[in-house]
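Notes for the one structure printed next.
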Amino acid sequence: MFLVIVDGLALLLLFLNVVLLAAVHARRIRQYFRTRRAKRFRARVEEVFDEFDPATRARAPGWLGAQIGEFDELERPIAATMLIERMKAASEEERAQTRDVLRDAGVLDSLTRSSSRGPAWRRALAIRTLGWIGADESVPALLERLTDRSRHVRESAVRALGQIAEPTALPSLAELFRSPARVGPGVVYDALVAFGARAEPVFADGLGSHIASVRVASCFGIAAVSEPASARRLLEAPLGDEAAAVRTAAAESLGRMGGERLPEALARATHDEQATVRCAATSALGSFDDPSGVKLAADALLDRDRETAVRAGESLVRLTERPSAADAASQALQRTQGAWPVERALILAPLGAF
């Protein structure tokens with residue numbers, strides 16, 4: 001009886017091995033034919049793309065729409081991905097040309113329908129494609145997808161709206177920025193920055209948010225989209241924020257803007273109780289052509305926080321390149337010669353390390 005059971009188990013294991021090997025080979029064969037089919041289809045898509053350019057267009061007006069309409073469920077994602085890559089490398093003129101052709105061929109309508117049905121990855125791909133095409137008429141459909149049940153789809157819609165940068169989308173994006181949860185705050189931030197100066201009111205309003213992360217993002221957003229004078233004015237108030245992260249962001253953003261006059265609030269921030277704030281403010285000193293920053297940087301060489309002392313040395317060296325602060329900075333370097341932050345900065349400066 002025991003031998004019968006052993007023989008049965010052996011036969012069962014042998015059968016399972018045969019089934020497994022057959023499944024593996026079947027998968028490989030299926031993948032092989034699928035890859036061949038995809039390669040043939042890519043060549044077909046390239047032929048379709050030739051019809052986008054008037055110089056190479058050779059088909060009847062209805063041919064393009066008919067060809068695209070024949071793409072099946074496997075082929076459409078491949079075609080969409082190829083179209084995205086083509087749009088990434090295209091000039092503005094080529095994008096406008098392609099957009100007109102796709103509009104006439106009914107592709108925009110098809111993508112708009114696909115953006116609201118099917119699996120989440122297909123909806124997201126359709127939305128991503130619409131973003132790269134950049135047609136204004138896609139905006140209403142993309143705004144609807146901001147409430148999609150899939151976070152991936154919602155974030156794809158935000159990115160697409162940022163690429164199109166149609167002003168009517170700003171209020172919805174501003175609401176998402178003020179209430180981060182449904183979409184990653186970094187995703188909304190990038191989309192808003194794409195609007196340029198038109199997004200400044202959104203970031204200015206965000207400085208008053210009760211959410212610290214929104215106030216931090218708003219500081220960087222203002223530095224990214226605002227005119228320097230306006231940015232410096234808006235960024236002084238956050239230097240007194242109760243959250244150290246916001247004060248740090250404001251100081252760092254002011255350092256990116258630079259200017260002639262050193263803001264008083266930034267000067268005070270070099271003595272902040274939080275090391276991260278002192279470090280950012282001390283680093284920003286080198287971006288302002290103001291002799292008053294020289295003494296602040298020299299004093300910070302003795303800061304108990306090592307990173308702040310490092311930034312102090314760098315700021316002193318950078319101030320030697322500023323017309324109004326150069327003399328004072330050169331004298332300060334002479335007086336502090338031998339201090340390790342200064343020696344470090346003098347060694348790294350020729351290498352473009354800061």
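Starting from 1 in every chain, residues are counted up; chains themselves are A, B, ... following the order of the structure tokens, and ligands are numbered from 1 as listed.
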
Tell me which protein, DNA and RNA residues are within 9 Å of Ala251 in chain A, counting only C-alpha atoms, leaving out same-chain ones fewer than 4 positions away, and put them as a list of chain:residue names.
A:Cys219, A:Leu235, A:Glu236, A:Pro238, A:Leu239, A:Val246, A:Arg247, A:Gly255, A:Arg256, A:Leu266, A:Ala269, A:Val277, A:Arg278, A:Cys279, A:Ala280, A:Ala281, A:Thr282, A:Ser283, A:Ala284

Using only N, CA and C atoms, please write the residues we just selected to a file, as a PDB file, in the first residue's frame.
ATOM      1  N   CYS A 219       6.064  79.140  -0.718  1.00  0.00           N
ATOM      2  CA  CYS A 219       7.311  79.921  -0.740  1.00  0.00           C
ATOM      3  C   CYS A 219       8.118  79.601  -1.999  1.00  0.00           C
ATOM      4  N   LEU A 235       7.784  87.172   0.307  1.00  0.00           N
ATOM      5  CA  LEU A 235       8.509  86.168   1.080  1.00  0.00           C
ATOM      6  C   LEU A 235       9.046  86.680   2.413  1.00  0.00           C
ATOM      7  N   GLU A 236       8.934  87.962   2.668  1.00  0.00           N
ATOM      8  CA  GLU A 236       9.424  88.475   3.954  1.00  0.00           C
ATOM      9  C   GLU A 236       8.551  88.027   5.112  1.00  0.00           C
ATOM     10  N   PRO A 238       6.677  85.255   5.589  1.00  0.00           N
ATOM     11  CA  PRO A 238       6.874  83.874   6.052  1.00  0.00           C
ATOM     12  C   PRO A 238       8.144  83.657   6.875  1.00  0.00           C
ATOM     13  N   LEU A 239       9.084  84.616   6.849  1.00  0.00           N
ATOM     14  CA  LEU A 239      10.285  84.474   7.674  1.00  0.00           C
ATOM     15  C   LEU A 239       9.958  84.560   9.161  1.00  0.00           C
ATOM     16  N   VAL A 246       8.675  76.434   7.328  1.00  0.00           N
ATOM     17  CA  VAL A 246       8.224  77.545   6.475  1.00  0.00           C
ATOM     18  C   VAL A 246       9.271  78.651   6.477  1.00  0.00           C
ATOM     19  N   ARG A 247       9.830  78.963   7.642  1.00  0.00           N
ATOM     20  CA  ARG A 247      10.876  79.995   7.707  1.00  0.00           C
ATOM     21  C   ARG A 247      12.081  79.581   6.855  1.00  0.00           C
ATOM     22  N   GLY A 255      17.009  83.394  -1.137  1.00  0.00           N
ATOM     23  CA  GLY A 255      18.362  83.181  -1.640  1.00  0.00           C
ATOM     24  C   GLY A 255      18.373  82.900  -3.136  1.00  0.00           C
ATOM     25  N   ARG A 256      17.338  82.245  -3.619  1.00  0.00           N
ATOM     26  CA  ARG A 256      17.250  81.987  -5.054  1.00  0.00           C
ATOM     27  C   ARG A 256      16.970  83.280  -5.827  1.00  0.00           C
ATOM     28  N   LEU A 266      15.242  88.718   6.729  1.00  0.00           N
ATOM     29  CA  LEU A 266      16.234  87.692   6.403  1.00  0.00           C
ATOM     30  C   LEU A 266      17.469  87.847   7.274  1.00  0.00           C
ATOM     31  N   ALA A 269      16.766  86.356  10.506  1.00  0.00           N
ATOM     32  CA  ALA A 269      16.680  84.901  10.424  1.00  0.00           C
ATOM     33  C   ALA A 269      18.041  84.227  10.581  1.00  0.00           C
ATOM     34  N   VAL A 277      16.916  77.048   9.816  1.00  0.00           N
ATOM     35  CA  VAL A 277      16.565  78.401   9.380  1.00  0.00           C
ATOM     36  C   VAL A 277      17.826  79.251   9.277  1.00  0.00           C
ATOM     37  N   ARG A 278      18.689  79.179  10.298  1.00  0.00           N
ATOM     38  CA  ARG A 278      19.934  79.943  10.261  1.00  0.00           C
ATOM     39  C   ARG A 278      20.776  79.555   9.050  1.00  0.00           C
ATOM     40  N   CYS A 279      20.810  78.261   8.776  1.00  0.00           N
ATOM     41  CA  CYS A 279      21.605  77.768   7.650  1.00  0.00           C
ATOM     42  C   CYS A 279      21.088  78.336   6.326  1.00  0.00           C
ATOM     43  N   ALA A 280      19.780  78.280   6.114  1.00  0.00           N
ATOM     44  CA  ALA A 280      19.199  78.784   4.863  1.00  0.00           C
ATOM     45  C   ALA A 280      19.382  80.288   4.737  1.00  0.00           C
ATOM     46  N   ALA A 281      19.183  81.006   5.847  1.00  0.00           N
ATOM     47  CA  ALA A 281      19.311  82.461   5.811  1.00  0.00           C
ATOM     48  C   ALA A 281      20.766  82.873   5.567  1.00  0.00           C
ATOM     49  N   THR A 282      21.698  82.183   6.211  1.00  0.00           N
ATOM     50  CA  THR A 282      23.124  82.497   6.035  1.00  0.00           C
ATOM     51  C   THR A 282      23.560  82.225   4.600  1.00  0.00           C
ATOM     52  N   SER A 283      23.058  81.156   4.031  1.00  0.00           N
ATOM     53  CA  SER A 283      23.369  80.839   2.635  1.00  0.00           C
ATOM     54  C   SER A 283      22.818  81.908   1.696  1.00  0.00           C
ATOM     55  N   ALA A 284      21.654  82.447   2.029  1.00  0.00           N
ATOM     56  CA  ALA A 284      21.014  83.466   1.182  1.00  0.00           C
ATOM     57  C   ALA A 284      21.776  84.786   1.189  1.00  0.00           C
TER      58      ALA A 284
END

Determine which residues of range 66-283 of chain A receive a DSSP assignment of helix (DSSP H, G or I), computed from the backbone, and state them as a VMD selection string.
chain A and resid 66 to 69 75 to 89 92 to 104 107 to 114 120 to 133 136 to 147 151 to 164 167 to 178 185 to 193 196 to 206 212 to 225 228 to 240 244 to 257 264 to 269 275 to 283

List the spatial neighbours of range 300-311 of chain A as a ChimeraX atom specification - criterion: any atom at most 10 Å away, only C-alpha atoms, same-chain residues fewer than 4 positions off excluded.
/A:270-271,274-286,294-296,315-317,336,339-345,354

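Residues in contact with range 195-198 of chain A at 8 Å, where only C-alpha atoms are counted and same-chain residues fewer than 2 positions away are skipped, are listed as Gly162, Ala165, Pro167, Ala191, Leu192, Val193, Glu200, Pro201, Ala224, Val225, Ser226 and Glu227 of chain A.
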
Selection export as an mmCIF file, in the first residue's frame, atoms kept: N, CA and C atoms:
data_model
loop_
_atom_site.group_PDB
_atom_site.id
_atom_site.type_symbol
_atom_site.label_atom_id
_atom_site.label_comp_id
_atom_site.auth_asym_id
_atom_site.auth_seq_id
_atom_site.Cartn_x
_atom_site.Cartn_y
_atom_site.Cartn_z
ATOM 1 N N GLY A 162 -1.531 70.954 -16.274
ATOM 2 C CA GLY A 162 -0.356 71.813 -16.200
ATOM 3 C C GLY A 162 0.327 71.945 -17.543
ATOM 4 N N ALA A 165 -1.967 74.214 -19.561
ATOM 5 C CA ALA A 165 -1.898 75.547 -18.946
ATOM 6 C C ALA A 165 -3.008 76.472 -19.420
ATOM 7 N N PRO A 167 -6.016 78.787 -18.553
ATOM 8 C CA PRO A 167 -6.371 79.521 -17.325
ATOM 9 C C PRO A 167 -7.641 79.033 -16.624
ATOM 10 N N ALA A 191 2.300 71.450 -11.641
ATOM 11 C CA ALA A 191 1.307 71.898 -12.619
ATOM 12 C C ALA A 191 1.094 73.410 -12.514
ATOM 13 N N LEU A 192 1.029 73.936 -11.303
ATOM 14 C CA LEU A 192 0.830 75.373 -11.120
ATOM 15 C C LEU A 192 2.012 76.177 -11.629
ATOM 16 N N VAL A 193 3.222 75.692 -11.382
ATOM 17 C CA VAL A 193 4.418 76.393 -11.858
ATOM 18 C C VAL A 193 4.392 76.531 -13.372
ATOM 19 N N GLU A 200 0.779 83.072 -9.535
ATOM 20 C CA GLU A 200 1.246 83.791 -8.342
ATOM 21 C C GLU A 200 0.148 83.993 -7.299
ATOM 22 N N PRO A 201 -1.087 84.401 -7.682
ATOM 23 C CA PRO A 201 -2.132 84.566 -6.657
ATOM 24 C C PRO A 201 -2.421 83.282 -5.880
ATOM 25 N N ALA A 224 9.459 80.690 -7.909
ATOM 26 C CA ALA A 224 9.507 80.116 -9.253
ATOM 27 C C ALA A 224 8.746 80.929 -10.291
ATOM 28 N N VAL A 225 7.638 81.594 -9.884
ATOM 29 C CA VAL A 225 6.773 82.216 -10.894
ATOM 30 C C VAL A 225 6.700 83.736 -10.811
ATOM 31 N N SER A 226 7.119 84.322 -9.702
ATOM 32 C CA SER A 226 6.917 85.763 -9.509
ATOM 33 C C SER A 226 8.099 86.587 -10.004
ATOM 34 N N GLU A 227 7.812 87.840 -10.294
ATOM 35 C CA GLU A 227 8.884 88.780 -10.586
ATOM 36 C C GLU A 227 9.703 88.981 -9.305
#

Please provide as a list in words all residues within 10 Å of Glu260 in chain A, with the sequence filter that same-chain residues fewer than 6 positions apart are discarded (counting only C-alpha atoms).
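Once the adjacent positions are removed, what remains is Ser287, Phe288, Asp289, Asp290, Pro291, Arg322, Pro323, Ser324 and Ala325 of chain A.
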
Selection from above, N, CA and C atoms, as a CSV table (one decimal), in the first residue's frame, can you write it?
chain,number,residue,atom,x,y,z
A,287,SER,N,23.6,86.0,-1.9
A,287,SER,CA,22.8,86.4,-3.1
A,287,SER,C,22.4,87.9,-3.1
A,288,PHE,N,22.7,88.6,-2.1
A,288,PHE,CA,22.3,90.0,-2.0
A,288,PHE,C,23.6,90.9,-2.0
A,289,ASP,N,23.5,91.9,-2.9
A,289,ASP,CA,24.7,92.9,-3.0
A,289,ASP,C,24.5,93.9,-2.0
A,290,ASP,N,24.7,93.5,-0.7
A,290,ASP,CA,24.5,94.4,0.4
A,290,ASP,C,25.6,94.2,1.4
A,291,PRO,N,26.4,95.3,1.7
A,291,PRO,CA,27.5,95.1,2.6
A,291,PRO,C,27.1,94.7,4.0
A,322,ARG,N,30.2,90.6,-5.5
A,322,ARG,CA,29.1,91.6,-5.6
A,322,ARG,C,29.7,93.0,-5.6
A,323,PRO,N,29.3,93.8,-6.5
A,323,PRO,CA,30.0,95.1,-6.7
A,323,PRO,C,30.0,95.9,-5.4
A,324,SER,N,28.8,96.1,-4.7
A,324,SER,CA,28.8,96.9,-3.5
A,324,SER,C,29.3,96.3,-2.3
A,325,ALA,N,29.3,95.0,-2.2
A,325,ALA,CA,29.8,94.3,-1.0
A,325,ALA,C,31.2,93.7,-1.2
